[in-house]
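data.cif follows; it contains mmCIF, C-alpha atoms.
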data_coords
#
loop_
_atom_site.label_atom_id
_atom_site.label_comp_id
_atom_site.auth_asym_id
_atom_site.auth_seq_id
_atom_site.Cartn_x
_atom_site.Cartn_y
_atom_site.Cartn_z
CA MET T 28 11.41 -30.68 -19.25
CA SER T 29 14.53 -29.58 -17.36
CA ILE T 30 14.94 -30.03 -13.62
CA ASP T 31 15.09 -26.24 -13.28
CA ALA T 32 11.66 -25.84 -14.87
CA VAL T 33 10.20 -28.40 -12.51
CA LYS T 34 11.71 -26.81 -9.43
CA ARG T 35 10.94 -23.18 -10.25
CA PRO T 36 7.53 -22.28 -8.77
CA SER T 37 5.08 -20.19 -10.75
CA GLY T 38 1.82 -18.29 -10.17
CA LEU T 39 0.23 -18.76 -6.76
CA THR T 40 2.92 -21.27 -5.76
CA ALA T 41 5.60 -18.65 -6.35
CA LEU T 42 3.71 -16.25 -4.08
CA ALA T 43 3.81 -18.84 -1.30
CA ASN T 44 7.30 -17.51 -0.66
CA PRO T 45 6.70 -14.58 1.74
CA THR T 46 9.82 -12.70 0.59
CA ARG T 47 8.63 -12.84 -3.03
CA PHE T 48 5.12 -11.82 -1.96
CA LEU T 49 6.44 -8.84 0.05
CA ALA T 50 8.52 -7.70 -2.94
CA LEU T 51 5.44 -7.85 -5.17
CA VAL T 52 3.37 -5.87 -2.63
CA LYS T 53 6.07 -3.19 -2.52
CA VAL T 54 5.85 -2.77 -6.30
CA LEU T 55 2.03 -2.84 -6.46
CA LEU T 56 1.16 -0.49 -3.58
CA PRO T 57 1.96 2.89 -5.25
CA TYR T 58 -0.17 1.96 -8.30
CA LEU T 59 -3.02 0.72 -6.13
CA TRP T 60 -3.00 3.86 -3.97
CA THR T 61 -3.01 6.07 -7.08
CA ALA T 62 -5.92 4.18 -8.64
CA THR T 63 -7.84 4.23 -5.32
CA LEU T 64 -7.45 7.98 -4.82
CA ILE T 65 -8.38 8.81 -8.43
CA LEU T 66 -11.47 6.59 -8.24
CA LEU T 67 -12.49 8.01 -4.83
CA GLY T 68 -12.14 11.58 -6.11
CA LEU T 69 -14.12 10.80 -9.26
CA ALA T 70 -16.85 8.96 -7.34
CA LEU T 71 -17.21 11.79 -4.80
CA TRP T 72 -17.46 14.38 -7.56
CA MET T 73 -20.04 12.30 -9.46
CA GLY T 74 -21.95 11.50 -6.26
CA PHE T 75 -22.32 15.11 -5.22
CA SER T 76 -23.26 16.19 -8.76
CA VAL T 77 -26.36 14.01 -9.04
CA PRO T 78 -29.81 15.62 -8.89
CA ASP T 79 -32.00 14.98 -5.83
CA ASP T 80 -34.10 11.83 -5.82
CA TYR T 81 -37.82 12.43 -6.21
CA GLN T 82 -38.56 10.50 -3.00
CA GLN T 83 -35.40 10.64 -0.89
CA GLY T 84 -34.25 14.11 -1.81
CA ARG T 85 -30.59 14.76 -1.05
CA THR T 86 -30.23 11.85 1.36
CA VAL T 87 -29.87 9.59 -1.70
CA ARG T 88 -26.17 10.56 -1.56
CA ILE T 89 -25.77 8.40 1.56
CA MET T 90 -26.27 5.44 -0.79
CA PHE T 91 -22.84 6.11 -2.35
CA VAL T 92 -21.05 5.24 0.89
CA HIS T 93 -23.58 2.82 2.40
CA VAL T 94 -23.92 0.36 -0.49
CA PRO T 95 -20.17 0.04 -1.31
CA SER T 96 -19.46 -0.50 2.42
CA VAL T 97 -21.98 -3.35 2.45
CA TRP T 98 -20.47 -4.83 -0.73
CA MET T 99 -16.99 -4.74 0.79
CA ALA T 100 -18.22 -6.19 4.10
CA MET T 101 -19.54 -9.23 2.22
CA GLY T 102 -16.62 -9.26 -0.24
CA ALA T 103 -14.11 -9.37 2.63
CA TYR T 104 -15.95 -12.37 4.01
CA MET T 105 -15.68 -14.12 0.64
CA VAL T 106 -11.91 -13.47 0.72
CA MET T 107 -11.88 -15.16 4.13
CA VAL T 108 -13.85 -18.10 2.72
CA SER T 109 -11.24 -18.49 -0.06
CA GLY T 110 -8.53 -18.28 2.60
CA ALA T 111 -10.28 -20.92 4.69
CA LEU T 112 -10.49 -23.25 1.69
CA GLY T 113 -6.82 -22.52 1.00
CA VAL T 114 -5.96 -23.59 4.55
CA LEU T 115 -8.10 -26.74 4.64
CA VAL T 116 -7.82 -27.98 1.05
CA TRP T 117 -4.58 -26.69 -0.49
CA ARG T 118 -2.65 -25.80 2.70
CA HIS T 119 -1.29 -22.70 0.95
CA PRO T 120 1.04 -20.86 3.37
CA LEU T 121 -0.51 -17.46 2.59
CA ALA T 122 -4.14 -18.62 2.83
CA ASP T 123 -4.40 -18.11 6.60
CA VAL T 124 -2.47 -14.84 6.29
CA ALA T 125 -5.01 -13.61 3.69
CA ALA T 126 -8.02 -14.69 5.75
CA ARG T 127 -6.69 -13.24 8.98
CA ALA T 128 -5.74 -9.92 7.35
CA ALA T 129 -9.22 -9.56 5.80
CA ALA T 130 -11.09 -9.91 9.13
CA PRO T 131 -10.50 -6.44 10.66
CA LEU T 132 -11.10 -4.80 7.27
CA GLY T 133 -14.35 -6.72 6.88
CA ALA T 134 -15.37 -5.74 10.41
CA ALA T 135 -14.68 -2.06 9.67
CA PHE T 136 -16.72 -2.14 6.44
CA THR T 137 -19.55 -3.98 8.23
CA PHE T 138 -19.52 -1.34 10.95
CA LEU T 139 -19.70 1.35 8.24
CA GLY T 140 -22.59 -0.47 6.56
CA LEU T 141 -24.48 -0.59 9.86
CA ALA T 142 -23.68 3.01 10.83
CA THR T 143 -24.41 4.64 7.46
CA GLY T 144 -27.53 2.48 7.06
CA SER T 145 -28.76 3.64 10.43
CA ILE T 146 -28.05 7.29 9.58
CA TRP T 147 -29.89 6.86 6.27
CA GLY T 148 -32.75 4.98 7.91
CA ARG T 149 -33.59 7.72 10.43
CA PRO T 150 -34.82 10.32 7.90
CA MET T 151 -36.20 7.75 5.41
CA TRP T 152 -37.86 5.16 7.68
CA GLY T 153 -38.29 7.30 10.78
CA THR T 154 -36.13 4.97 12.86
CA TRP T 155 -32.41 4.33 13.46
CA TRP T 156 -32.83 0.58 13.78
CA VAL T 157 -35.37 -2.18 13.29
CA TRP T 158 -34.90 -5.90 13.93
CA ASP T 159 -35.78 -6.97 10.39
CA ALA T 160 -34.07 -9.88 8.62
CA ARG T 161 -31.60 -7.79 6.58
CA LEU T 162 -30.41 -5.56 9.42
CA THR T 163 -30.25 -8.40 11.93
CA SER T 164 -28.33 -10.76 9.62
CA PHE T 165 -25.91 -7.93 8.84
CA LEU T 166 -25.39 -7.30 12.55
CA VAL T 167 -24.72 -11.04 12.91
CA LEU T 168 -21.98 -10.65 10.25
CA PHE T 169 -20.34 -7.97 12.40
CA ILE T 170 -20.46 -10.27 15.45
CA ILE T 171 -19.01 -13.13 13.36
CA TYR T 172 -16.09 -10.90 12.33
CA LEU T 173 -15.39 -9.98 15.96
CA GLY T 174 -15.66 -13.62 17.04
CA LEU T 175 -13.22 -14.77 14.35
CA MET T 176 -10.70 -12.07 15.28
CA ALA T 177 -10.94 -13.19 18.91
CA LEU T 178 -10.49 -16.84 17.86
CA TRP T 179 -7.36 -16.08 15.81
CA ASN T 180 -5.87 -14.16 18.73
CA SER T 181 -6.76 -16.67 21.42
CA VAL T 182 -5.08 -19.79 19.97
CA GLU T 183 -1.30 -19.57 20.29
CA GLU T 184 -0.26 -22.44 17.99
CA PRO T 185 -0.43 -21.05 14.37
CA ALA T 186 -1.42 -24.24 12.49
CA LYS T 187 -4.12 -25.08 15.02
CA SER T 188 -5.51 -21.52 15.06
CA ALA T 189 -5.53 -21.48 11.22
CA ARG T 190 -7.52 -24.74 11.02
CA MET T 191 -9.97 -23.76 13.76
CA ALA T 192 -10.58 -20.33 12.23
CA ALA T 193 -10.97 -21.84 8.74
CA VAL T 194 -13.74 -24.16 9.96
CA ALA T 195 -15.42 -21.26 11.80
CA VAL T 196 -15.19 -19.05 8.68
CA LEU T 197 -16.89 -21.74 6.58
CA VAL T 198 -19.67 -22.16 9.15
CA GLY T 199 -20.14 -18.37 9.32
CA ALA T 200 -20.39 -18.24 5.51
CA LEU T 201 -23.93 -19.57 5.84
CA ASN T 202 -24.89 -16.04 6.89
CA ILE T 203 -23.84 -14.53 3.52
CA PRO T 204 -26.74 -15.94 1.44
CA ILE T 205 -29.08 -15.12 4.34
CA ILE T 206 -27.99 -11.46 4.15
CA ARG T 207 -28.26 -11.46 0.35
CA PHE T 208 -31.71 -13.06 0.10
CA SER T 209 -33.22 -11.83 3.39
CA VAL T 210 -35.05 -9.05 1.56
CA GLU T 211 -36.63 -11.61 -0.77
CA TRP T 212 -37.36 -14.38 1.76
CA PHE T 213 -38.81 -12.16 4.50
CA THR T 214 -40.89 -9.03 4.77
CA THR T 215 -38.38 -6.33 5.65
CA LEU T 216 -38.32 -2.60 6.06
CA HIS T 217 -35.12 -2.66 4.03
CA GLN T 218 -35.72 -2.34 0.30
CA GLY T 219 -35.13 -5.21 -2.13
CA PRO T 220 -32.05 -5.50 -4.37
CA SER T 221 -31.71 -2.63 -6.84
CA VAL T 222 -28.32 -3.21 -8.49
CA VAL T 223 -27.61 -6.96 -8.71
CA ARG T 224 -31.02 -8.36 -9.62
CA ALA T 225 -32.76 -10.34 -12.34
CA GLY T 226 -33.78 -7.95 -15.11
CA GLY T 227 -30.89 -5.54 -14.48
CA PRO T 228 -30.47 -2.63 -12.08
CA SER T 229 -33.58 -0.67 -11.17
CA LEU T 230 -31.57 2.47 -10.36
CA ALA T 231 -31.61 5.40 -12.76
CA PRO T 232 -28.27 5.63 -14.65
CA HIS T 233 -27.38 8.98 -13.03
CA PHE T 234 -27.43 7.22 -9.62
CA LEU T 235 -26.09 3.89 -10.85
CA TYR T 236 -22.82 5.14 -12.40
CA PRO T 237 -21.55 7.10 -9.37
CA LEU T 238 -22.49 4.11 -7.23
CA LEU T 239 -20.53 1.70 -9.42
CA ILE T 240 -17.50 4.03 -9.51
CA MET T 241 -17.61 4.34 -5.70
CA GLY T 242 -17.94 0.54 -5.51
CA LEU T 243 -14.81 0.23 -7.65
CA ALA T 244 -13.00 2.80 -5.47
CA PHE T 245 -13.91 0.84 -2.33
CA LEU T 246 -12.77 -2.38 -4.03
CA PHE T 247 -9.37 -0.85 -4.84
CA LEU T 248 -9.15 0.52 -1.30
CA PHE T 249 -9.92 -2.91 0.09
CA ILE T 250 -7.32 -4.63 -2.13
CA THR T 251 -4.70 -2.03 -1.14
CA LEU T 252 -5.40 -2.28 2.59
CA HIS T 253 -5.65 -6.05 2.43
CA LEU T 254 -2.20 -6.35 0.85
CA MET T 255 -0.80 -3.97 3.48
CA ALA T 256 -2.47 -5.95 6.27
CA MET T 257 -1.13 -9.21 4.81
CA ARG T 258 2.36 -7.68 4.78
CA ASN T 259 1.93 -6.81 8.48
CA GLU T 260 0.76 -10.33 9.27
CA ILE T 261 3.76 -11.88 7.46
CA MET T 262 6.06 -9.58 9.43
CA ARG T 263 4.35 -10.61 12.69
CA ARG T 264 5.07 -14.26 11.85
CA GLN T 265 8.68 -13.45 10.92
CA ILE T 266 9.13 -11.70 14.28
CA ARG T 267 7.57 -14.66 16.09
CA THR T 268 9.86 -17.13 14.29
CA ALA T 269 12.94 -14.98 14.96
CA GLN T 270 12.04 -14.64 18.66
CA ARG T 271 11.58 -18.41 18.97
CA LYS T 272 14.89 -18.98 17.20
CA ALA T 273 16.55 -16.57 19.64
CA ALA T 274 14.92 -18.28 22.62
CA ARG T 275 16.03 -21.73 21.37
CA SER T 276 19.64 -20.63 20.77
CA HIS T 277 19.65 -18.95 24.20
CA GLN T 278 18.31 -22.14 25.79
CA SER T 279 20.80 -24.44 24.00
CA GLY T 280 23.61 -22.02 24.90
CA GLY T 281 22.56 -22.25 28.55
CA GLN T 282 22.45 -26.05 28.39
CA LYS T 283 25.94 -26.18 26.84
CA THR T 284 27.28 -23.91 29.57
CA SER T 285 25.75 -26.00 32.37
CA LYS T 286 27.02 -29.23 30.69
CA SER T 287 30.58 -27.90 30.43
CA THR T 288 30.38 -26.68 34.03
CA SER T 289 29.33 -30.14 35.25
CA GLU T 290 32.09 -31.80 33.13
CA THR T 291 34.68 -29.46 34.64
CA SER T 292 33.51 -30.22 38.18
CA THR T 293 33.76 -34.01 37.64
CA MET B 17 -22.73 20.74 -8.00
CA THR B 18 -25.90 20.94 -5.95
CA SER B 19 -25.38 22.80 -2.69
CA LEU B 20 -26.03 20.73 0.43
CA PHE B 21 -25.67 23.45 3.04
CA GLY B 22 -28.82 24.43 4.86
CA THR B 23 -30.83 21.52 3.46
CA LYS B 24 -33.17 19.57 5.69
CA TYR B 25 -31.02 16.45 5.93
CA PHE B 26 -27.61 18.12 5.82
CA GLY B 27 -26.62 16.66 9.23
CA PHE B 28 -27.44 13.09 8.16
CA ILE B 29 -25.46 13.34 4.91
CA VAL B 30 -22.43 14.91 6.63
CA SER B 31 -22.58 12.31 9.43
CA ALA B 32 -22.62 9.41 6.95
CA TYR B 33 -19.68 10.75 4.94
CA GLY B 34 -17.90 11.88 8.13
CA ILE B 35 -18.07 8.50 9.86
CA THR B 36 -16.96 6.76 6.65
CA THR B 37 -13.95 9.10 6.33
CA VAL B 38 -12.99 8.70 10.00
CA VAL B 39 -13.24 4.88 9.98
CA LEU B 40 -11.31 4.54 6.71
CA LEU B 41 -8.58 6.93 7.87
CA LEU B 42 -8.29 5.10 11.21
CA MET B 43 -7.96 1.81 9.33
CA VAL B 44 -5.16 3.21 7.13
CA ALA B 45 -3.40 4.79 10.15
CA TRP B 46 -3.63 1.56 12.17
CA ILE B 47 -2.15 -0.51 9.33
CA LEU B 48 0.68 2.00 8.81
CA LEU B 49 1.48 2.20 12.53
CA VAL B 50 1.55 -1.59 12.88
CA HIS B 51 3.84 -1.78 9.83
CA ARG B 52 6.24 0.78 11.29
CA SER B 53 6.37 -0.96 14.65
CA ARG B 54 6.98 -4.42 13.09
CA LYS B 55 9.68 -3.04 10.80
CA LYS B 56 11.46 -1.64 13.87
CA GLN B 57 11.07 -4.94 15.73
CA LEU B 58 12.56 -6.90 12.81
CA ALA B 59 15.44 -4.43 12.51
CA ARG B 60 16.17 -4.80 16.26
CA LEU B 61 16.17 -8.59 15.96
CA GLU B 62 18.53 -8.45 12.98
CA GLU B 63 20.82 -6.07 14.88
CA ALA B 64 20.90 -8.62 17.67
CA GLY B 65 22.16 -11.16 15.11
CA ILE B 66 18.91 -13.10 14.74
CA LYS B 67 18.37 -13.41 11.01
CA ARG B 68 15.16 -14.45 9.28
CA ALA B 69 15.21 -17.81 7.48
CA SER B 70 14.99 -16.16 4.04
CA ARG B 71 17.97 -13.89 4.81
CA SER B 72 20.17 -16.44 6.54
CA ASN B 73 19.74 -18.79 3.57
CA GLY B 74 20.66 -16.18 1.00
#
As a first step, turn the structure in this file into structure tokens.
Amino acid sequence: MSIDAVKRPSGLTALANPTRFLALVKVLLPYLWTATLILLGLALWMGFSVPDDYQQGRTVRIMFVHVPSVWMAMGAYMVMVSGALGVLVWRHPLADVAARAAAPLGAAFTFLGLATGSIWGRPMWGTWWVWDARLTSFLVLFIIYLGLMALWNSVEEPAKSARMAAVAVLVGALNIPIIRFSVEWFTTLHQGPSVVRAGGPSLAPHFLYPLLIMGLAFLFLFITLHLMAMRNEIMRRQIRTAQRKAARSHQSGGQKTSKSTSETST
Amino acid sequence: MTSLFGTKYFGFIVSAYGITTVVLLLMVAWILLVHRSRKKQLARLEEAGIKRASRSNG
């Protein structure tokens, strides 16, 4: 094996170089946006073409935005968990960037899950909100997202903030299985799982397919926005480094000037 | 396509899709605005002669 082959990074290691990562993002973004918009258009058309549900009537269409929002809210958290492991175990330079960039997106999707669920719940359950296990654990997820964002912003030193947030992300991950299984472990007003369940989905195919396409559209949207948010976070760090460099050179310049002044005076 | 207008739950369906659209658009706008502002900041720093590590090396 040549020395060149040993030195040249590949795969995830190659992406540890922010410049290389930013170049890749630049290439990928137009394709991702195109795929997202096509999938969103298709999912909306399919969603509004379905017949009314025999029980829920036309409100069943709220499912096509509510369920994918919930999937993305939990998916974003799993991205943060991978980022946290990347920080603590592999110390990958982009791991904290990925985790930090996913937090506001996850918070937005969690908010959408709560809001659309509430809007759907009013005509179906007769109430906007109930403190059952599923709704409460999902609200806790929203609070966790806000707490993590506050934590990242409150600690100035990057390595310390990355480690602290990574530990907090892993502790908060305990809530994910609680959300997932809350409808099975407790008696809830929220219905049980109807897509990812033993024995296959219980949804009729004419509701299932638009839902899956919308789920895919939301996934592409999340990936696109996450890459854009990661790019912003890398730029924030570049600005911070450049500003520190400027401050240091300014300081050393000042010291040199004062030293030469004192030498001249003696 | 089934018409939704005038149905009993029209307001709920429109609200759910409306809030989703607004939140997603705000998210996209926020990310784009932050990107534009950081790009400007980096350009200003480079104009001032402060180069990023990756650029000063290459």
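Counting from CA of Val52 in chain T, the distance to CA of Thr251 in chain T is 9.1 Å.
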Selection result for the PyMOL selection byres ((chain B and resi 28) around 8) on this file, as a ChimeraX atom specification: /T:86,146-147,150 /B:25-27,29-32
Hey, can you spit out that residue selection with C-alpha atoms as a PDB file, in the coordinates of the input?
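Contents of selection-v7.pdb, freshly written:
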ATOM      1  CA  THR T  86     -30.230  11.850   1.360  1.00  0.00           C
ATOM      2  CA  ILE T 146     -28.050   7.290   9.580  1.00  0.00           C
ATOM      3  CA  TRP T 147     -29.890   6.860   6.270  1.00  0.00           C
ATOM      4  CA  PRO T 150     -34.820  10.320   7.900  1.00  0.00           C
TER       5      PRO T 150
ATOM      6  CA  TYR B  25     -31.020  16.450   5.930  1.00  0.00           C
ATOM      7  CA  PHE B  26     -27.610  18.120   5.820  1.00  0.00           C
ATOM      8  CA  GLY B  27     -26.620  16.660   9.230  1.00  0.00           C
ATOM      9  CA  ILE B  29     -25.460  13.340   4.910  1.00  0.00           C
ATOM     10  CA  VAL B  30     -22.430  14.910   6.630  1.00  0.00           C
ATOM     11  CA  SER B  31     -22.580  12.310   9.430  1.00  0.00           C
ATOM     12  CA  ALA B  32     -22.620   9.410   6.950  1.00  0.00           C
TER      13      ALA B  32
END
Hey, what comes out of the PyMOL selection byres ((chain T and resi 118) around 12) on this file? Could you write it as a PyMOL selection string? chain T and resi 40+43+109-117+119-124+186+189-190+193
Residues returned when the PyMOL selection byres ((chain T) within 8 of (chain B)) runs on this file, as a PyMOL selection string: chain T and resi 46+75-78+85-86+88-89+92+132+135+139+142-143+146-147+150+252+255-256+258-259+262-263+265-266+268-270+272-273
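Rounded to one decimal, CA of Gly144 in chain T and CA of Trp98 in chain T lie 12.8 Å from each other.
Going from CA of Asn44 in chain T over to CA of Ala177 in chain T, you cover 27.1 Å.
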May I have the residues within 12 Å of Leu64 in chain T as a PyMOL selection string, using all atoms listed in the file and disregarding those fewer than 2 positions away in the same chain? chain T and resi 57-62+66-71+240-241+243-248+251
